[in-house]
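Quick look at protein-v9.pdb (PDB, C-alpha atoms and all ligand atoms):
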```pdb
ATOM      1  CA  GLU A 450     -30.514 -22.474  33.696
ATOM      2  CA  LEU A 451     -27.762 -23.638  31.406
ATOM      3  CA  LYS A 452     -28.587 -24.090  27.789
ATOM      4  CA  LYS A 453     -27.737 -27.368  26.178
ATOM      5  CA  HIS A 454     -24.140 -27.621  25.143
ATOM      6  CA  PHE A 455     -22.954 -29.358  22.010
ATOM      7  CA  PRO A 456     -19.311 -30.279  22.181
ATOM      8  CA  LEU A 457     -17.908 -30.436  18.684
ATOM      9  CA  GLU A 458     -14.960 -32.543  17.776
ATOM     10  CA  SER A 459     -11.756 -30.674  17.421
ATOM     11  CA  PRO A 460     -10.860 -30.267  13.747
ATOM     12  CA  ILE A 461      -7.256 -30.090  14.841
ATOM     13  CA  PRO A 462      -6.304 -33.445  16.407
ATOM     14  CA  PHE A 463      -5.102 -33.462  20.019
ATOM     15  CA  VAL A 464      -5.630 -29.758  20.418
ATOM     16  CA  LYS A 465      -7.593 -28.983  23.538
ATOM     17  CA  SER A 466     -10.406 -26.527  23.660
ATOM     18  CA  ARG A 467      -9.008 -23.196  24.763
ATOM     19  CA  LEU A 468     -12.259 -21.428  25.354
ATOM     20  CA  SER A 469     -15.669 -22.819  26.076
ATOM     21  CA  VAL A 470     -18.753 -20.648  26.114
ATOM     22  CA  LYS A 471     -22.046 -21.906  27.512
ATOM     23  CA  ALA A 472     -24.120 -18.824  27.910
ATOM     24  CA  VAL A 473     -26.787 -16.622  26.405
ATOM     25  CA  ASP A 474     -29.841 -18.054  24.792
ATOM     26  CA  GLY A 475     -28.697 -20.759  22.417
ATOM     27  CA  VAL A 476     -25.064 -19.697  22.338
ATOM     28  CA  SER A 477     -22.737 -22.491  23.262
ATOM     29  CA  PHE A 478     -19.447 -23.368  21.656
ATOM     30  CA  ASP A 479     -15.841 -24.379  22.122
ATOM     31  CA  VAL A 480     -12.921 -22.672  20.473
ATOM     32  CA  TYR A 481      -9.852 -24.791  19.860
ATOM     33  CA  ARG A 482      -6.275 -23.758  20.188
ATOM     34  CA  GLY A 483      -4.846 -22.394  16.960
ATOM     35  CA  GLU A 484      -8.121 -22.345  15.047
ATOM     36  CA  THR A 485     -10.150 -19.531  13.578
ATOM     37  CA  LEU A 486     -13.831 -19.666  14.437
ATOM     38  CA  GLY A 487     -15.918 -17.487  12.136
ATOM     39  CA  VAL A 488     -19.119 -15.976  13.530
ATOM     40  CA  VAL A 489     -21.429 -14.854  10.753
ATOM     41  CA  GLY A 490     -24.815 -13.155  10.495
ATOM     42  CA  GLU A 491     -26.435  -9.875   9.483
ATOM     43  CA  SER A 492     -26.046  -6.866  11.751
ATOM     44  CA  GLY A 493     -28.298  -7.211  14.785
ATOM     45  CA  CYS A 494     -27.823 -10.977  15.058
ATOM     46  CA  GLY A 495     -25.893 -10.753  18.321
ATOM     47  CA  LYS A 496     -22.374 -11.353  17.021
ATOM     48  CA  SER A 497     -20.828  -8.388  18.806
ATOM     49  CA  THR A 498     -22.756  -9.149  21.985
ATOM     50  CA  MET A 499     -21.286 -12.638  21.891
ATOM     51  CA  ALA A 500     -17.805 -11.136  21.462
ATOM     52  CA  ARG A 501     -18.250  -8.749  24.371
ATOM     53  CA  LEU A 502     -19.427 -11.643  26.483
ATOM     54  CA  VAL A 503     -16.347 -13.701  25.704
ATOM     55  CA  ASN A 504     -14.173 -10.727  26.508
ATOM     56  CA  GLN A 505     -16.022 -10.117  29.789
ATOM     57  CA  LEU A 506     -17.131  -6.666  28.765
ATOM     58  CA  ILE A 507     -20.640  -7.825  29.675
ATOM     59  CA  THR A 508     -21.845 -10.547  32.034
ATOM     60  CA  PRO A 509     -24.295 -13.172  30.834
ATOM     61  CA  SER A 510     -27.536 -13.743  32.707
ATOM     62  CA  SER A 511     -26.622 -17.409  32.995
ATOM     63  CA  GLY A 512     -23.938 -19.874  31.978
ATOM     64  CA  THR A 513     -20.175 -20.008  31.967
ATOM     65  CA  VAL A 514     -17.251 -18.793  29.919
ATOM     66  CA  GLN A 515     -14.411 -21.228  30.502
ATOM     67  CA  PHE A 516     -10.943 -20.137  29.521
ATOM     68  CA  LYS A 517      -8.152 -22.675  29.984
ATOM     69  CA  GLY A 518     -10.352 -24.597  32.383
ATOM     70  CA  GLU A 519     -11.380 -21.674  34.571
ATOM     71  CA  ASN A 520     -14.734 -19.927  34.662
ATOM     72  CA  LEU A 521     -14.372 -16.216  33.952
ATOM     73  CA  ILE A 522     -17.868 -15.476  35.255
ATOM     74  CA  GLY A 523     -17.631 -14.400  38.852
ATOM     75  CA  MET A 524     -13.819 -14.491  38.870
ATOM     76  CA  ASP A 525     -12.373 -11.907  41.268
ATOM     77  CA  GLY A 526     -11.196  -8.599  39.821
ATOM     78  CA  LYS A 527      -7.458  -9.104  40.092
ATOM     79  CA  LYS A 528      -7.474 -12.528  38.505
ATOM     80  CA  LEU A 529      -9.910 -11.430  35.822
ATOM     81  CA  ARG A 530      -7.605  -8.557  34.841
ATOM     82  CA  GLU A 531      -4.755 -11.051  34.487
ATOM     83  CA  THR A 532      -6.863 -13.407  32.398
ATOM     84  CA  ARG A 533      -8.187 -10.633  30.226
ATOM     85  CA  LYS A 534      -4.687  -9.909  28.992
ATOM     86  CA  SER A 535      -4.949 -13.213  27.141
ATOM     87  CA  ILE A 536      -8.064 -12.191  25.213
ATOM     88  CA  GLN A 537      -7.732  -9.104  23.028
ATOM     89  CA  MET A 538     -10.004  -7.438  20.480
ATOM     90  CA  VAL A 539      -9.588  -5.788  17.105
ATOM     91  CA  PHE A 540     -12.589  -3.649  16.210
ATOM     92  CA  GLN A 541     -14.190  -2.747  12.932
ATOM     93  CA  ASP A 542     -13.523   0.923  12.439
ATOM     94  CA  PRO A 543      -9.811   1.709  12.235
ATOM     95  CA  TYR A 544     -10.686   5.405  11.946
ATOM     96  CA  ALA A 545     -12.635   5.593  15.185
ATOM     97  CA  SER A 546     -10.657   3.248  17.387
ATOM     98  CA  LEU A 547      -7.373   5.161  17.673
ATOM     99  CA  ASP A 548      -7.204   8.319  19.838
ATOM    100  CA  PRO A 549      -6.086  11.056  17.387
ATOM    101  CA  ARG A 550      -4.128  12.943  20.076
ATOM    102  CA  LYS A 551      -1.784  10.081  20.826
ATOM    103  CA  THR A 552       1.226   8.933  18.823
ATOM    104  CA  ILE A 553       1.276   5.445  17.365
ATOM    105  CA  GLY A 554       3.979   4.546  19.887
ATOM    106  CA  GLU A 555       1.824   5.695  22.803
ATOM    107  CA  LEU A 556      -1.214   3.848  21.445
ATOM    108  CA  ILE A 557       0.585   0.546  21.043
ATOM    109  CA  ALA A 558       2.325   0.892  24.428
ATOM    110  CA  GLU A 559      -0.921   1.752  26.243
ATOM    111  CA  PRO A 560      -1.900  -1.816  27.277
ATOM    112  CA  MET A 561       1.596  -2.261  28.801
ATOM    113  CA  VAL A 562       1.255   1.043  30.671
ATOM    114  CA  ILE A 563      -2.203   0.074  31.975
ATOM    115  CA  HIS A 564      -0.983  -3.326  33.161
ATOM    116  CA  ARG A 565       2.338  -1.872  34.407
ATOM    117  CA  ILE A 566       4.490  -4.137  32.285
ATOM    118  CA  GLY A 567       8.147  -3.163  31.767
ATOM    119  CA  ASP A 568       9.833   0.231  31.939
ATOM    120  CA  LYS A 569       9.799   3.001  29.340
ATOM    121  CA  ALA A 570      12.809   1.601  27.471
ATOM    122  CA  SER A 571      11.500  -1.949  27.210
ATOM    123  CA  GLN A 572       8.055  -0.686  26.210
ATOM    124  CA  LYS A 573       9.628   1.370  23.440
ATOM    125  CA  LYS A 574      11.554  -1.648  22.242
ATOM    126  CA  ARG A 575       8.422  -3.795  22.218
ATOM    127  CA  VAL A 576       6.514  -1.152  20.236
ATOM    128  CA  GLU A 577       9.252  -0.981  17.611
ATOM    129  CA  GLU A 578       9.370  -4.744  17.345
ATOM    130  CA  LEU A 579       5.578  -4.972  16.880
ATOM    131  CA  LEU A 580       5.508  -2.239  14.242
ATOM    132  CA  GLU A 581       7.881  -4.370  12.174
ATOM    133  CA  VAL A 582       5.835  -7.513  12.874
ATOM    134  CA  VAL A 583       2.680  -5.939  11.402
ATOM    135  CA  GLY A 584       4.510  -4.628   8.333
ATOM    136  CA  LEU A 585       5.055  -1.036   9.416
ATOM    137  CA  SER A 586       8.338   0.564  10.485
ATOM    138  CA  GLN A 587       9.701   1.552  13.894
ATOM    139  CA  TYR A 588       9.955   5.109  12.542
ATOM    140  CA  HIS A 589       6.169   5.286  12.522
ATOM    141  CA  ALA A 590       6.070   5.302  16.341
ATOM    142  CA  LYS A 591       6.306   9.097  16.542
ATOM    143  CA  ARG A 592       3.536   9.774  14.039
ATOM    144  CA  TYR A 593      -0.204  10.295  14.627
ATOM    145  CA  PRO A 594      -3.180   8.181  13.438
ATOM    146  CA  HIS A 595      -4.374  10.730  10.828
ATOM    147  CA  GLU A 596      -1.133  10.215   8.906
ATOM    148  CA  PHE A 597      -2.097   6.607   8.135
ATOM    149  CA  SER A 598      -4.492   4.886   5.732
ATOM    150  CA  GLY A 599      -7.338   2.648   6.914
ATOM    151  CA  GLY A 600      -5.315  -0.499   6.256
ATOM    152  CA  GLN A 601      -2.291   0.864   8.117
ATOM    153  CA  ARG A 602      -4.477   1.877  11.040
ATOM    154  CA  GLN A 603      -5.835  -1.636  11.232
ATOM    155  CA  ARG A 604      -2.213  -2.881  11.337
ATOM    156  CA  ILE A 605      -1.651  -0.512  14.264
ATOM    157  CA  ASN A 606      -4.736  -1.902  16.025
ATOM    158  CA  ILE A 607      -3.427  -5.411  15.465
ATOM    159  CA  ALA A 608      -0.033  -4.459  16.937
ATOM    160  CA  ARG A 609      -1.863  -3.056  19.958
ATOM    161  CA  ALA A 610      -3.822  -6.280  20.341
ATOM    162  CA  LEU A 611      -0.588  -8.298  20.218
ATOM    163  CA  VAL A 612       1.368  -6.282  22.737
ATOM    164  CA  LEU A 613       0.428  -8.392  25.781
ATOM    165  CA  ASN A 614       1.047 -11.740  24.039
ATOM    166  CA  PRO A 615      -2.606 -12.846  23.946
ATOM    167  CA  ASP A 616      -3.867 -16.377  23.315
ATOM    168  CA  ILE A 617      -7.094 -15.309  21.675
ATOM    169  CA  ILE A 618      -7.912 -12.329  19.486
ATOM    170  CA  ILE A 619     -11.524 -11.480  18.798
ATOM    171  CA  CYS A 620     -11.699  -9.701  15.461
ATOM    172  CA  ASP A 621     -15.036  -7.867  15.173
ATOM    173  CA  GLU A 622     -15.545  -7.064  11.465
ATOM    174  CA  PRO A 623     -11.831  -6.194  11.182
ATOM    175  CA  VAL A 624     -11.841  -5.563   7.434
ATOM    176  CA  SER A 625     -15.407  -4.371   6.774
ATOM    177  CA  ALA A 626     -14.406  -0.714   6.582
ATOM    178  CA  LEU A 627     -11.536  -1.366   4.154
ATOM    179  CA  ASP A 628     -11.267  -1.550   0.352
ATOM    180  CA  VAL A 629     -11.325  -5.069  -1.060
ATOM    181  CA  SER A 630      -7.629  -5.053  -2.030
ATOM    182  CA  VAL A 631      -6.645  -3.867   1.429
ATOM    183  CA  GLN A 632      -8.948  -6.460   3.030
ATOM    184  CA  ALA A 633      -6.885  -9.264   1.500
ATOM    185  CA  GLN A 634      -3.647  -7.780   2.856
ATOM    186  CA  VAL A 635      -5.004  -7.498   6.384
ATOM    187  CA  ILE A 636      -6.413 -11.036   6.245
ATOM    188  CA  ASN A 637      -3.069 -12.388   5.054
ATOM    189  CA  LEU A 638      -1.329 -10.556   7.869
ATOM    190  CA  LEU A 639      -3.725 -12.053  10.429
ATOM    191  CA  LYS A 640      -3.043 -15.537   9.035
ATOM    192  CA  GLU A 641       0.740 -15.052   9.217
ATOM    193  CA  LEU A 642       0.510 -13.785  12.782
ATOM    194  CA  GLN A 643      -1.631 -16.756  13.729
ATOM    195  CA  ARG A 644       1.065 -19.179  12.603
ATOM    196  CA  GLU A 645       3.870 -17.172  14.128
ATOM    197  CA  PHE A 646       2.325 -16.590  17.552
ATOM    198  CA  ASP A 647       0.031 -19.635  17.878
ATOM    199  CA  LEU A 648      -3.037 -17.425  18.054
ATOM    200  CA  THR A 649      -6.668 -18.458  18.244
ATOM    201  CA  TYR A 650      -9.122 -16.176  16.470
ATOM    202  CA  ILE A 651     -12.810 -15.525  16.762
ATOM    203  CA  PHE A 652     -13.515 -13.753  13.506
ATOM    204  CA  ILE A 653     -16.836 -11.911  13.359
ATOM    205  CA  SER A 654     -18.247 -10.856  10.012
ATOM    206  CA  HIS A 655     -21.515 -10.213   8.190
ATOM    207  CA  ASP A 656     -19.816 -11.413   5.015
ATOM    208  CA  LEU A 657     -19.419 -15.142   4.332
ATOM    209  CA  ASN A 658     -17.127 -14.250   1.459
ATOM    210  CA  VAL A 659     -14.583 -12.749   3.851
ATOM    211  CA  VAL A 660     -14.605 -15.585   6.372
ATOM    212  CA  ARG A 661     -14.133 -18.294   3.729
ATOM    213  CA  TYR A 662     -10.441 -17.385   3.409
ATOM    214  CA  MET A 663      -9.917 -17.260   7.095
ATOM    215  CA  CYS A 664     -11.908 -19.768   9.131
ATOM    216  CA  ASP A 665     -11.583 -23.411  10.134
ATOM    217  CA  ARG A 666     -15.118 -23.521  11.521
ATOM    218  CA  ILE A 667     -18.075 -21.230  11.159
ATOM    219  CA  ALA A 668     -20.986 -20.412  13.444
ATOM    220  CA  VAL A 669     -24.002 -18.744  11.850
ATOM    221  CA  MET A 670     -26.005 -16.557  14.237
ATOM    222  CA  TYR A 671     -29.557 -15.310  13.987
ATOM    223  CA  LEU A 672     -31.234 -13.190  16.644
ATOM    224  CA  GLY A 673     -28.867 -14.145  19.435
ATOM    225  CA  LYS A 674     -28.802 -17.859  18.654
ATOM    226  CA  ILE A 675     -26.386 -20.057  16.787
ATOM    227  CA  VAL A 676     -28.567 -21.608  14.066
ATOM    228  CA  GLU A 677     -25.814 -23.576  12.364
ATOM    229  CA  MET A 678     -22.219 -24.459  13.059
ATOM    230  CA  GLY A 679     -19.694 -26.653  11.319
ATOM    231  CA  THR A 680     -16.366 -26.864   9.578
ATOM    232  CA  TYR A 681     -15.647 -24.459   6.777
ATOM    233  CA  LYS A 682     -16.129 -27.256   4.246
ATOM    234  CA  GLU A 683     -19.455 -28.419   5.692
ATOM    235  CA  ILE A 684     -20.905 -24.919   5.823
ATOM    236  CA  TYR A 685     -19.883 -23.990   2.281
ATOM    237  CA  GLU A 686     -20.541 -27.309   0.583
ATOM    238  CA  ASP A 687     -23.498 -28.635   2.523
ATOM    239  CA  PRO A 688     -25.326 -25.848   4.351
ATOM    240  CA  LYS A 689     -28.365 -27.107   6.274
ATOM    241  CA  HIS A 690     -30.151 -24.017   7.540
ATOM    242  CA  PRO A 691     -32.238 -21.833   5.182
ATOM    243  CA  TYR A 692     -30.627 -18.716   6.661
ATOM    244  CA  THR A 693     -27.120 -19.994   5.907
ATOM    245  CA  LYS A 694     -28.244 -20.936   2.379
ATOM    246  CA  ALA A 695     -29.542 -17.399   1.839
ATOM    247  CA  LEU A 696     -26.305 -15.836   3.103
ATOM    248  CA  LEU A 697     -24.261 -18.128   0.848
ATOM    249  CA  SER A 698     -26.408 -17.343  -2.177
ATOM    250  CA  ALA A 699     -25.402 -13.681  -1.867
ATOM    251  CA  ILE A 700     -21.740 -14.453  -2.562
ATOM    252  CA  PRO A 701     -20.729 -13.624  -6.148
ATOM    253  CA  LYS A 702     -20.195 -16.864  -8.087
ATOM    254  CA  GLU A 703     -16.713 -17.915  -9.114
ATOM    255  CA  ASN A 704     -18.127 -20.403 -11.570
ATOM    256  CA  PRO A 705     -20.510 -18.823 -14.143
ATOM    257  CA  HIS A 706     -22.207 -22.210 -14.720
ATOM    258  CA  ASP A 707     -23.275 -22.319 -11.096
ATOM    259  CA  ARG A 708     -26.996 -21.684 -11.509
ATOM    260  CA  LYS A 709     -27.989 -21.619  -7.884
ATOM    261  CA  GLU A 710     -30.310 -18.693  -7.500
ATOM    262  CA  ARG A 711     -29.793 -15.830  -5.175
ATOM    263  CA  ILE A 712     -32.198 -16.087  -2.245
ATOM    264  CA  ILE A 713     -33.378 -12.614  -1.347
ATOM    265  CA  LEU A 714     -34.417 -12.213   2.265
ATOM    266  CA  LYS A 715     -37.159  -9.703   2.866
ATOM    267  CA  ASP A 716     -36.929  -7.046   5.572
ATOM    268  CA  SER A 717     -34.134  -6.891   8.082
ATOM    269  CA  VAL A 718     -33.422  -8.729  11.303
ATOM    270  CA  PRO A 719     -36.370  -8.247  13.725
ATOM    271  CA  ASN A 720     -35.956  -6.586  17.105
ATOM    272  CA  PRO A 721     -34.117  -9.015  19.415
ATOM    273  CA  ILE A 722     -36.002  -7.660  22.449
ATOM    274  CA  ASN A 723     -39.227  -9.064  21.073
ATOM    275  CA  PRO A 724     -38.280 -11.892  18.713
ATOM    276  CA  PRO A 725     -40.874 -13.693  16.559
ATOM    277  CA  SER A 726     -42.535 -16.781  18.038
ATOM    278  CA  GLY A 727     -41.431 -20.320  17.177
ATOM    279  CA  CYS A 728     -38.444 -20.296  14.846
ATOM    280  CA  HIS A 729     -37.125 -16.718  15.090
ATOM    281  CA  PHE A 730     -36.451 -16.837  11.348
ATOM    282  CA  HIS A 731     -39.968 -17.838  10.226
ATOM    283  CA  GLU A 732     -41.129 -14.408   9.001
ATOM    284  CA  ARG A 733     -38.235 -14.249   6.552
ATOM    285  CA  CYS A 734     -37.720 -17.914   5.763
ATOM    286  CA  PRO A 735     -38.552 -18.842   2.145
ATOM    287  CA  VAL A 736     -39.481 -22.419   3.139
ATOM    288  CA  ALA A 737     -41.303 -21.789   6.430
ATOM    289  CA  MET A 738     -44.106 -24.150   7.391
ATOM    290  CA  ASP A 739     -47.049 -23.755   9.729
ATOM    291  CA  ARG A 740     -45.320 -25.417  12.618
ATOM    292  CA  CYS A 741     -42.414 -22.911  12.400
ATOM    293  CA  LYS A 742     -44.640 -20.153  13.819
ATOM    294  CA  ARG A 743     -45.367 -22.178  16.937
ATOM    295  CA  GLU A 744     -42.365 -24.355  17.679
ATOM    296  CA  ALA A 745     -38.744 -23.345  18.060
ATOM    297  CA  PRO A 746     -36.433 -25.879  16.382
ATOM    298  CA  GLN A 747     -33.623 -27.411  18.464
ATOM    299  CA  LEU A 748     -30.031 -27.754  17.338
ATOM    300  CA  ILE A 749     -29.518 -31.186  15.783
ATOM    301  CA  ASP A 750     -26.253 -32.976  15.158
ATOM    302  CA  THR A 751     -26.186 -33.774  11.446
ATOM    303  CA  GLY A 752     -22.813 -35.539  11.527
ATOM    304  CA  ASN A 753     -19.219 -34.483  10.784
ATOM    305  CA  GLY A 754     -19.291 -32.034  13.673
ATOM    306  CA  HIS A 755     -22.094 -30.114  11.971
ATOM    307  CA  ILE A 756     -25.145 -28.843  13.897
ATOM    308  CA  ALA A 757     -28.180 -26.876  12.730
ATOM    309  CA  SER A 758     -31.646 -25.944  13.978
ATOM    310  CA  CYS A 759     -34.478 -26.237  11.468
ATOM    311  CA  HIS A 760     -37.669 -28.325  11.509
ATOM    312  CA  LEU A 761     -36.949 -29.475   7.956
ATOM    313  CA  LEU A 762     -33.996 -31.484   9.269
ATOM    314  CA  ASN A 763     -36.435 -33.640  11.234
ATOM    315  CA  GLU A 764     -38.669 -34.250   8.232
ATOM    316  CA  GLN A 765     -36.035 -35.928   6.062
TER     317      GLN A 765
HETATM  318 FE1  LIG B   1     -37.450 -21.951   8.081
HETATM  319 FE2  LIG B   1     -39.044 -23.369   9.657
HETATM  320 FE3  LIG B   1     -36.518 -24.110   9.331
HETATM  321 FE4  LIG B   1     -37.127 -21.928  10.743
HETATM  322  S1  LIG B   1     -37.634 -24.024  11.255
HETATM  323  S2  LIG B   1     -35.530 -22.114   9.241
HETATM  324  S3  LIG B   1     -38.845 -21.133   9.577
HETATM  325  S4  LIG B   1     -38.119 -24.045   7.762
HETATM  326 MG    MG B   2     -21.602  -5.814  15.301
END
```
If you convert what's in this file into structure tokens, what do you get?
Ligand code: SF4
Ligand code: MG
Amino acid sequence: ELKKHFPLESPIPFVKSRLSVKAVDGVSFDVYRGETLGVVGESGCGKSTMARLVNQLITPSSGTVQFKGENLIGMDGKKLRETRKSIQMVFQDPYASLDPRKTIGELIAEPMVIHRIGDKASQKKRVEELLEVVGLSQYHAKRYPHEFSGGQRQRINIARALVLNPDIIICDEPVSALDVSVQAQVINLLKELQREFDLTYIFISHDLNVVRYMCDRIAVMYLGKIVEMGTYKEIYEDPKHPYTKALLSAIPKENPHDRKERIILKDSVPNPINPPSGCHFHERCPVAMDRCKREAPQLIDTGNGHIASCHLLNEQ
């Protein structure tokens, strides 16, 4: 059974949806060409599962993942391999994701070798070009991962993700393992690359403070469901869901006169295998009502391309 799908208006006029996901319990969204969609939630909320689904590393029990008008689910192997070149990933841990026995040149060239693209000479040229593009130097190609800092390694991972000219890059917590100053550099690089190569990003993070500098729209996930989604402005200025409000309250204030109190959530995210009844958030929600234990709220369109699921939205 397909879950209900809520098409959101494109924030970028005349830009068609590039990717459309209608799968997994409560997960349904479009990603528009050239935008950055932030996916936010604590660890265990299903963000990475959603990313693996989009990238066809797992198959959903139901639904579709449409990419440029074609369903990736059930696509035959050869065609899927072709399509998958267009969707690349950058993972969280730049220390773990690069094979220490390979040179930087070999690591960046690897996707071309796997997909048999070009000869040795053209692959070498492409590697050198990409090293410059991500702010490193072609002379780094002969070195090994341990010779680089965390930020430089993430640049190498980004070069590797770019090598096949993708349309979409899924960034799964790409800066979480880095120092704050280095985070800003990597985020700026991602933004520059987006403009230069017309990239679409799905940017996964547990930190709303990181995504605010990066995203056009934001989806907030809780226990495998999108509980709120809207433009950057809507989510930051007019959050509707108590979970989103709690996440936002954890961001350090820029304005010292801002007296909004920090909302502390008790416990951690419950086990997704056996989620709480009714609204999955009710055990931790500071404004839960009786009905929340019994009834699961549906996503409601609150206007301006903003959707959220909370019983309180029906009571206003
Ligand atoms: Fe809280 Fe109830 Fe809204 Fe869930 S439905 S977020 S428990 S108020
Ligand atoms: Mg994760």
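Using only C-alpha atoms and all ligand atoms, we find that the residues with an atom at most 9 Å from any atom of ligand LIG 1 (chain B) are Val676, His690, Pro691, Tyr692, Gly727, Cys728, His729, Phe730, His731, Glu732, Arg733, Cys734, Pro735, Val736, Ala737, Met738, Asp739, Arg740, Cys741, Lys742, Glu744, Ala745, Pro746, Gln747, Ser758, Cys759, His760, Leu761 and Leu762 of chain A.
We find atom CA of A:Phe652 and atom CA of A:Cys664 to be spaced 7.6 Å apart.
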Contacts of ligand MG 2 (chain B), 8 Å or closer, only C-alpha atoms and all ligand atoms, given as a ChimeraX atom specification: /A:492-493,495-498,621-622,653
Do you have, as JSON lines, the list of residues of stretch 632-727 of chain A lying at most 12 Å from stretch 536-556 of chain A, each with its nearest atom pair and that distance in Å to one decimal, counting only C-alpha atoms and ordered by chain then number?
```
{"residue": "A:Gln632", "atom": "CA", "partner": "A:Gln541", "partner_atom": "CA", "distance": 11.8}
{"residue": "A:Val635", "atom": "CA", "partner": "A:Val539", "partner_atom": "CA", "distance": 11.8}
{"residue": "A:Leu639", "atom": "CA", "partner": "A:Val539", "partner_atom": "CA", "distance": 10.9}
{"residue": "A:Leu648", "atom": "CA", "partner": "A:Ile536", "partner_atom": "CA", "distance": 10.2}
{"residue": "A:Thr649", "atom": "CA", "partner": "A:Ile536", "partner_atom": "CA", "distance": 9.5}
{"residue": "A:Tyr650", "atom": "CA", "partner": "A:Met538", "partner_atom": "CA", "distance": 9.7}
{"residue": "A:Ile651", "atom": "CA", "partner": "A:Met538", "partner_atom": "CA", "distance": 9.3}
{"residue": "A:Phe652", "atom": "CA", "partner": "A:Val539", "partner_atom": "CA", "distance": 9.6}
{"residue": "A:Ile653", "atom": "CA", "partner": "A:Gln541", "partner_atom": "CA", "distance": 9.5}
{"residue": "A:Ser654", "atom": "CA", "partner": "A:Gln541", "partner_atom": "CA", "distance": 9.5}
{"residue": "A:His655", "atom": "CA", "partner": "A:Gln541", "partner_atom": "CA", "distance": 11.5}
```
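Between atom CA of A:Arg609 and atom CA of A:Asn504 the separation is 15.9 Å.
Taking atom CA of A:Gly679 and atom CA of A:Ala610 as endpoints, the distance between them is 27.4 Å.
The closest residue to A:Val489, picked from A:Gly673, A:Gly599, A:Gly512, A:Gly526 and counting all atoms listed in the file, is A:Gly673.
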